[in-house]
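A.B. asks: Sharing a structure, written as structure tokens. Questions coming.
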Amino acid sequence: MKKLFTIDDFIVGIMSAIGYGLSFEIPKILGWEMWQCVILCIIVGGAVDAFAKKIIFNEVVQNNSDTKNLIFFAFIVLFIVGQYVALKLTGLSMHNYLLEQYQYIILPAILGFAFSMILRWYRVRKIRQRYGDGSQGFLYDELTTPENLAEFNKQNQPVKGDYDTALAVKTKTGIFVGEKEKDVIVFSGIPYAKPPVENLRWQAPEPLEESSEVFEAKYFGASAIQVEHEGSILKHHRQSEDCLTLNIAVSGKKSDKKKPVLVLFHHGDFSYGGSADPLMYGYKFTDKYSEFIGVSFNYRLGIFGFIDFSEIPGGENYPDAINLGLLDQIAALKWIKENISAFGGDPENITVMGFEAGAISISLLAACEQAKGLFQKAFIFFGTPEGSHDSPKSARNLAKELLKETSSKTMEDLQKLSTEELKAAAQKLWINTVAPTRDGKLIPADVINAFKKGAAGNVEFIIGIPNNEGQIYKSFIGQQNYENYITKEVAEILSMLDAENSQSVKNYIDNLTKKNIPEFDAKSKFFEQWSALSTYLTAMQLSAAGNNVHLIYWNVKPLIENLGSGTVDVVSTLFGNRETLQLYGNVLDATISEILQTFLQKFISGEELKIYNNEIKGVAAMDWKNFPVALIVSNKEFRYEQIEDKLTEIDGLLELMKKISANPARE
């Protein structure tokens, strides 16, 4: 995928040979001391080498083959002239220096490649020793020592007395003192709304009052109360109903220009997850691309964020409970828009990025009137409006189940319950499926039709589809939970279909079982195809509505099959988080990471999604076309193709989903 050396390196070597050779031999002939010759050689040779690279690897040159060939020819002529002059005046030949120069160009490249392969082998070996076949899902034992947990769970405090003003930012809601990590200043645990506790439990988020108080912003705020799966790292992080906080990473380098902002929406099936998960750490990206500001945040989950009390006595006082998590997200985006300029950010240039539940959220907010103007670009990976409920029925049933589980009869009874009692109930009710609802109020009942009518405005999208996300999800929630989830989801899909189409799906599952594939694995395979097509269909509909849409298909082979390759790999690769990816059982591919980071940087900046030849040294030019062409990422290459035939093995499934989305079921 990435060439060790190219014809461009060859041409640079020609000029470098002249610079290093003549600047060493001529002063030597003139009687200079050896150390003086060496210093002059390093200075002049390095300058010529840098000049040649600046010319050869220039964007204009790399984009125009005629210009490039002309410069190649000119450099070759210069070398020949240099050779002639050297022979005439000093009797020296540049051929030997040219050979030496190529040894310096080629040998380090080969040695560097060999070293990287050895290092990769070592990292792979360590991961395989730790995870084995990966059947136990994600493991975090080395992070859960008492010392690590104590550091992980520290809390911010009010600041009394002096503080480092170089690390402080004044917002409308307070002065926050961050912490410097290398060249990045990180502000963690900043509240963006009033704590939703006591009488504000199950109420819409309320704005904070203006304040000039000073607070630490060194530690993550508490994660939302959530279901604790074996593969979720945040079961080790403190949790609270007081969870509406955000984190901001900004380069310490001063800039007069307002910086584009990237806001991360975390994953987690709307029942677990949060910004303290190492997957959400974008500091390295902010460090590398200092022209951006990174933000992550928490929102309410599970029974605290997505439940409908309308049929419960007293439930009329909680009209927003059905989509509180989405309202939290809107509140966070409003706080960012109002305050990010204090951190050097541009409130009119905000890109949102979400994975799984985060992607579903963004796809819903794109059609939400209350979220209009809060973001201009969206990167959504494996999540669409179809991942939400199309009626309040499920959210109302969840409320009834909550009453039973807690032996409550009214909202007053529920309000008297402690956080711990509600958390225990949520753990037992997890399979009842918690998700946002297209309620016809906050979110249009028919989001797809809203998209067709231009609800997403001029928002630009990158939409991602993985080929092996099911294994990722299983690694988070565990085998038994995964089996229960898939069984329930497939049953719900079949209930949506007419007899003929339902039978087609059943026949597909039966045919797989006849090929010695276990029935559950066959159902899982069908469900993954259904989910992938749902994402593809959203891209299709947004594109048809006039939105600028780019599609990416993640086809990278997992290191450990049972851990899959999807969300965790894409997030870590985009942000260059090598350590995080190793934590989740894979090894970062530096080339894939550099290419995708470059595309992400251009997307956030509003540039065309093009990489010119050698913009990334050794990588050929790339032009990411609009939908329906997809950028396909694999271990060996990047290529561009349409991918409909890669997403399903069931004839007519895409057409069927188009019909269903055009006529959504309602109560």
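The way I read the labels, and the way they are meant: chains A, B, ... in the order of the structure tokens, residue 1 as the first residue of every chain, and ligand 1 as the first ligand shown, with later ones counted on from there.
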Please build the interface table for segment 312-389 of chain A against segment 550-567 of chain A with a cut-off of 10 Å, listing for each qualifying residue the nearest atom pair and the distance in Å to one decimal; count only C-alpha atoms, order rows by chain and increasing number, and write it as a tab-separated table.

C.D. replies:
residue	atom	partner	partner_atom	distance
A:Gly354	CA	A:Thr567	CA	9.8
A:Phe355	CA	A:Thr567	CA	6.5
A:Glu356	CA	A:Thr567	CA	7.6
A:Phe379	CA	A:His550	CA	9.3
A:Ile380	CA	A:Leu551	CA	9.8
A:Phe381	CA	A:Thr567	CA	7.4
A:Phe382	CA	A:Thr567	CA	8.0

A.B. asks: Just list the residues in segment 36-209 of chain A DSSP gives helix (DSSP H, G or I) on the backbone, as a ChimeraX atom specification.

C.D. replies: /A:36-56,59-63,65-90,95-131,141-143,146-152,165-167,198-200

A.B. asks: Let me make sure I understand: among A:Asp183, A:Pro436, A:Pro313, A:Glu210, which one has the smallest atom-to-atom distance to Leu403 of chain A if we use only C-alpha atoms?

C.D. replies: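 Closest to Leu403 of chain A of all the choices is A:Pro313.
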
A.B. asks: Taking into account only C-alpha atoms, which residue in the set A:Leu98, A:Pro466, A:Asn481, A:Tyr299 is nearest to Asp569 of chain A?

C.D. replies: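 Between A:Leu98, A:Pro466, A:Asn481, A:Tyr299, the residue approaching Asp569 of chain A most closely is A:Pro466.
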
A.B. asks: Need to verify the contact set: Leu99 of chain A, 12 Å, only C-alpha atoms, exclusion of same-chain residues closer than 3 positions in sequence. Can you return it as a list in words?

C.D. replies: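 In the requested format, the answer is Phe10, Gly13, Ile14, Ser16, Ala17, Ile18, Gly21, Ser93, Met94, His95, Asn96, Tyr102, Gln103, Tyr104, Ile105, Ile106 and Leu107 of chain A.
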
A.B. asks: Save out the residues we just selected, C-alpha atoms, as a CSV table (one decimal), in the first residue's frame.

C.D. replies:
chain,number,residue,atom,x,y,z
A,10,PHE,CA,15.5,8.5,-7.0
A,13,GLY,CA,18.9,11.4,-4.7
A,14,ILE,CA,20.4,12.8,-7.9
A,16,SER,CA,21.4,15.2,-3.0
A,17,ALA,CA,24.5,13.5,-4.5
A,18,ILE,CA,25.6,16.7,-6.1
A,21,GLY,CA,29.5,15.2,-2.9
A,93,SER,CA,33.1,11.8,-10.5
A,94,MET,CA,29.6,12.1,-8.9
A,95,HIS,CA,28.8,8.5,-9.7
A,96,ASN,CA,30.2,7.2,-6.5
A,102,TYR,CA,21.0,5.6,-2.9
A,103,GLN,CA,22.4,3.4,-0.2
A,104,TYR,CA,21.3,6.1,2.3
A,105,ILE,CA,17.9,6.3,0.7
A,106,ILE,CA,17.2,2.6,0.2
A,107,LEU,CA,18.9,1.0,3.1

A.B. asks: Would you please work out which residue, of A:Gln203, A:Asn547, A:Ser605, A:Ser634, is nearest to Glu348 of chain A when using only C-alpha atoms?

C.D. replies: A:Ser605

A.B. asks: Could you write out, as an mmCIF file with N, CA and C atoms, in the first residue's frame, all the residues of segment 470-605 of chain A that DSSP marks as strand (DSSP E or B)?

C.D. replies:
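Saved result, part12.cif, follows:
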data_model
loop_
_atom_site.group_PDB
_atom_site.id
_atom_site.type_symbol
_atom_site.label_atom_id
_atom_site.label_comp_id
_atom_site.auth_asym_id
_atom_site.auth_seq_id
_atom_site.Cartn_x
_atom_site.Cartn_y
_atom_site.Cartn_z
ATOM 1 N N VAL A 549 -22.516 13.286 0.183
ATOM 2 C CA VAL A 549 -22.324 12.065 0.957
ATOM 3 C C VAL A 549 -21.134 11.273 0.421
ATOM 4 N N HIS A 550 -20.242 10.889 1.337
ATOM 5 C CA HIS A 550 -19.145 9.978 1.010
ATOM 6 C C HIS A 550 -19.321 8.708 1.840
ATOM 7 N N LEU A 551 -19.114 7.574 1.205
ATOM 8 C CA LEU A 551 -19.333 6.275 1.839
ATOM 9 C C LEU A 551 -17.999 5.568 2.047
ATOM 10 N N ILE A 552 -17.826 4.962 3.225
ATOM 11 C CA ILE A 552 -16.611 4.199 3.513
ATOM 12 C C ILE A 552 -17.014 2.802 3.979
ATOM 13 N N TYR A 553 -16.329 1.796 3.436
ATOM 14 C CA TYR A 553 -16.599 0.405 3.794
ATOM 15 C C TYR A 553 -15.339 -0.172 4.428
ATOM 16 N N TRP A 554 -15.451 -0.535 5.708
ATOM 17 C CA TRP A 554 -14.310 -1.043 6.470
ATOM 18 C C TRP A 554 -14.224 -2.564 6.281
ATOM 19 N N SER A 565 -13.708 -6.724 13.687
ATOM 20 C CA SER A 565 -13.005 -5.519 13.221
ATOM 21 C C SER A 565 -14.058 -4.515 12.776
#

A.B. asks: Can you pull out the residues contacting Gln370 of chain A? Cut-off 12 Å, using only C-alpha atoms, and skip same-chain residues under 4 positions away; I want them as a VMD selection string.

C.D. replies: chain A and resid 326 to 331 333 to 334 364 to 366 374 to 375 441 to 444 455

A.B. asks: Write the residues of the preceding selection, restricted to C-alpha atoms, as a PDB file, in the first residue's frame.

C.D. replies:
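This is the output file selection.pdb:
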ATOM      1  CA  LEU A 326     -31.083  13.296  22.580  1.00  0.00           C
ATOM      2  CA  LEU A 327     -32.086  16.475  24.416  1.00  0.00           C
ATOM      3  CA  ASP A 328     -28.850  16.180  26.417  1.00  0.00           C
ATOM      4  CA  GLN A 329     -26.921  15.936  23.151  1.00  0.00           C
ATOM      5  CA  ILE A 330     -28.629  19.070  21.850  1.00  0.00           C
ATOM      6  CA  ALA A 331     -27.851  20.872  25.123  1.00  0.00           C
ATOM      7  CA  LEU A 333     -24.048  21.152  21.206  1.00  0.00           C
ATOM      8  CA  LYS A 334     -25.681  24.441  22.264  1.00  0.00           C
ATOM      9  CA  LEU A 364     -31.733  11.594  14.112  1.00  0.00           C
ATOM     10  CA  LEU A 365     -30.453  15.056  15.043  1.00  0.00           C
ATOM     11  CA  ALA A 366     -29.817  15.743  11.362  1.00  0.00           C
ATOM     12  CA  LEU A 374     -25.609  23.132  15.580  1.00  0.00           C
ATOM     13  CA  PHE A 375     -23.321  21.214  13.196  1.00  0.00           C
ATOM     14  CA  LYS A 441     -42.298  15.830  18.189  1.00  0.00           C
ATOM     15  CA  LEU A 442     -38.580  16.099  18.783  1.00  0.00           C
ATOM     16  CA  ILE A 443     -37.786  13.670  15.956  1.00  0.00           C
ATOM     17  CA  PRO A 444     -39.928  13.327  12.802  1.00  0.00           C
ATOM     18  CA  ALA A 455     -34.503  18.174   6.678  1.00  0.00           C
TER      19      ALA A 455
END

A.B. asks: Do you know which residues are at most 8 Å from segment 139-150 of chain A counting only C-alpha atoms, after dropping those on the same chain fewer than 5 positions away, and could you put them as a list in words?

C.D. replies: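 Counting only C-alpha atoms, the residues come to Tyr131, Gly231, Ile233, His236, His237, Leu583 and Tyr584 of chain A.
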
A.B. asks: List the spatial neighbours of Trp202 of chain A as a PyMOL selection string - criterion: any atom at most 8 Å away, only C-alpha atoms, same-chain residues fewer than 6 positions off excluded.

C.D. replies: chain A and resi 196+304-305+318+320-321+324

A.B. asks: Just checking: using only C-alpha atoms, which residue out of A:Thr591, A:Ser361, A:Asn449, A:Gln136 ends up closest to Gly618 of chain A?

C.D. replies: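 Looking at the shortest contact to Gly618 of chain A, the residue is A:Thr591.
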
A.B. asks: Hey, what's within 8 Å of Val44 of chain A if we count only C-alpha atoms and toss same-chain stuff fewer than 6 positions away? As a tab-separated table (two decimals) with all heavy atoms, in the first residue's frame, please?

C.D. replies:
chain	number	residue	atom	x	y	z
A	19	GLY	N	24.90	17.81	-4.01
A	19	GLY	CA	25.08	18.66	-2.83
A	19	GLY	C	26.07	18.09	-1.85
A	19	GLY	O	27.02	18.77	-1.42
A	20	TYR	N	25.89	16.81	-1.45
A	20	TYR	CA	26.78	16.19	-0.48
A	20	TYR	C	28.19	15.98	-1.05
A	20	TYR	O	29.19	16.22	-0.38
A	20	TYR	CB	26.20	14.85	-0.01
A	20	TYR	CG	25.03	14.97	0.94
A	20	TYR	CD1	23.75	14.58	0.55
A	20	TYR	CD2	25.21	15.48	2.22
A	20	TYR	CE1	22.68	14.68	1.42
A	20	TYR	CE2	24.14	15.59	3.10
A	20	TYR	CZ	22.87	15.19	2.68
A	20	TYR	OH	21.82	15.31	3.55
A	23	SER	N	30.11	19.51	-1.90
A	23	SER	CA	30.37	20.31	-0.70
A	23	SER	C	31.36	19.63	0.24
A	23	SER	O	31.86	20.26	1.18
A	23	SER	CB	29.05	20.59	0.04
A	23	SER	OG	28.45	19.38	0.47

A.B. asks: Taking into account only C-alpha atoms, which residue in the set A:Cys243, A:Ile7, A:Val490, A:Leu414 is nearest to Asn69 of chain A?

C.D. replies: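 Checking each of A:Cys243, A:Ile7, A:Val490, A:Leu414 against Asn69 of chain A, counting only C-alpha atoms, the winner is A:Ile7.
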
A.B. asks: Hey, which of A:Arg578, A:Lys423, A:Lys636, A:Lys3 ends up closest to Leu279 of chain A? Count only C-alpha atoms.

C.D. replies: A:Arg578
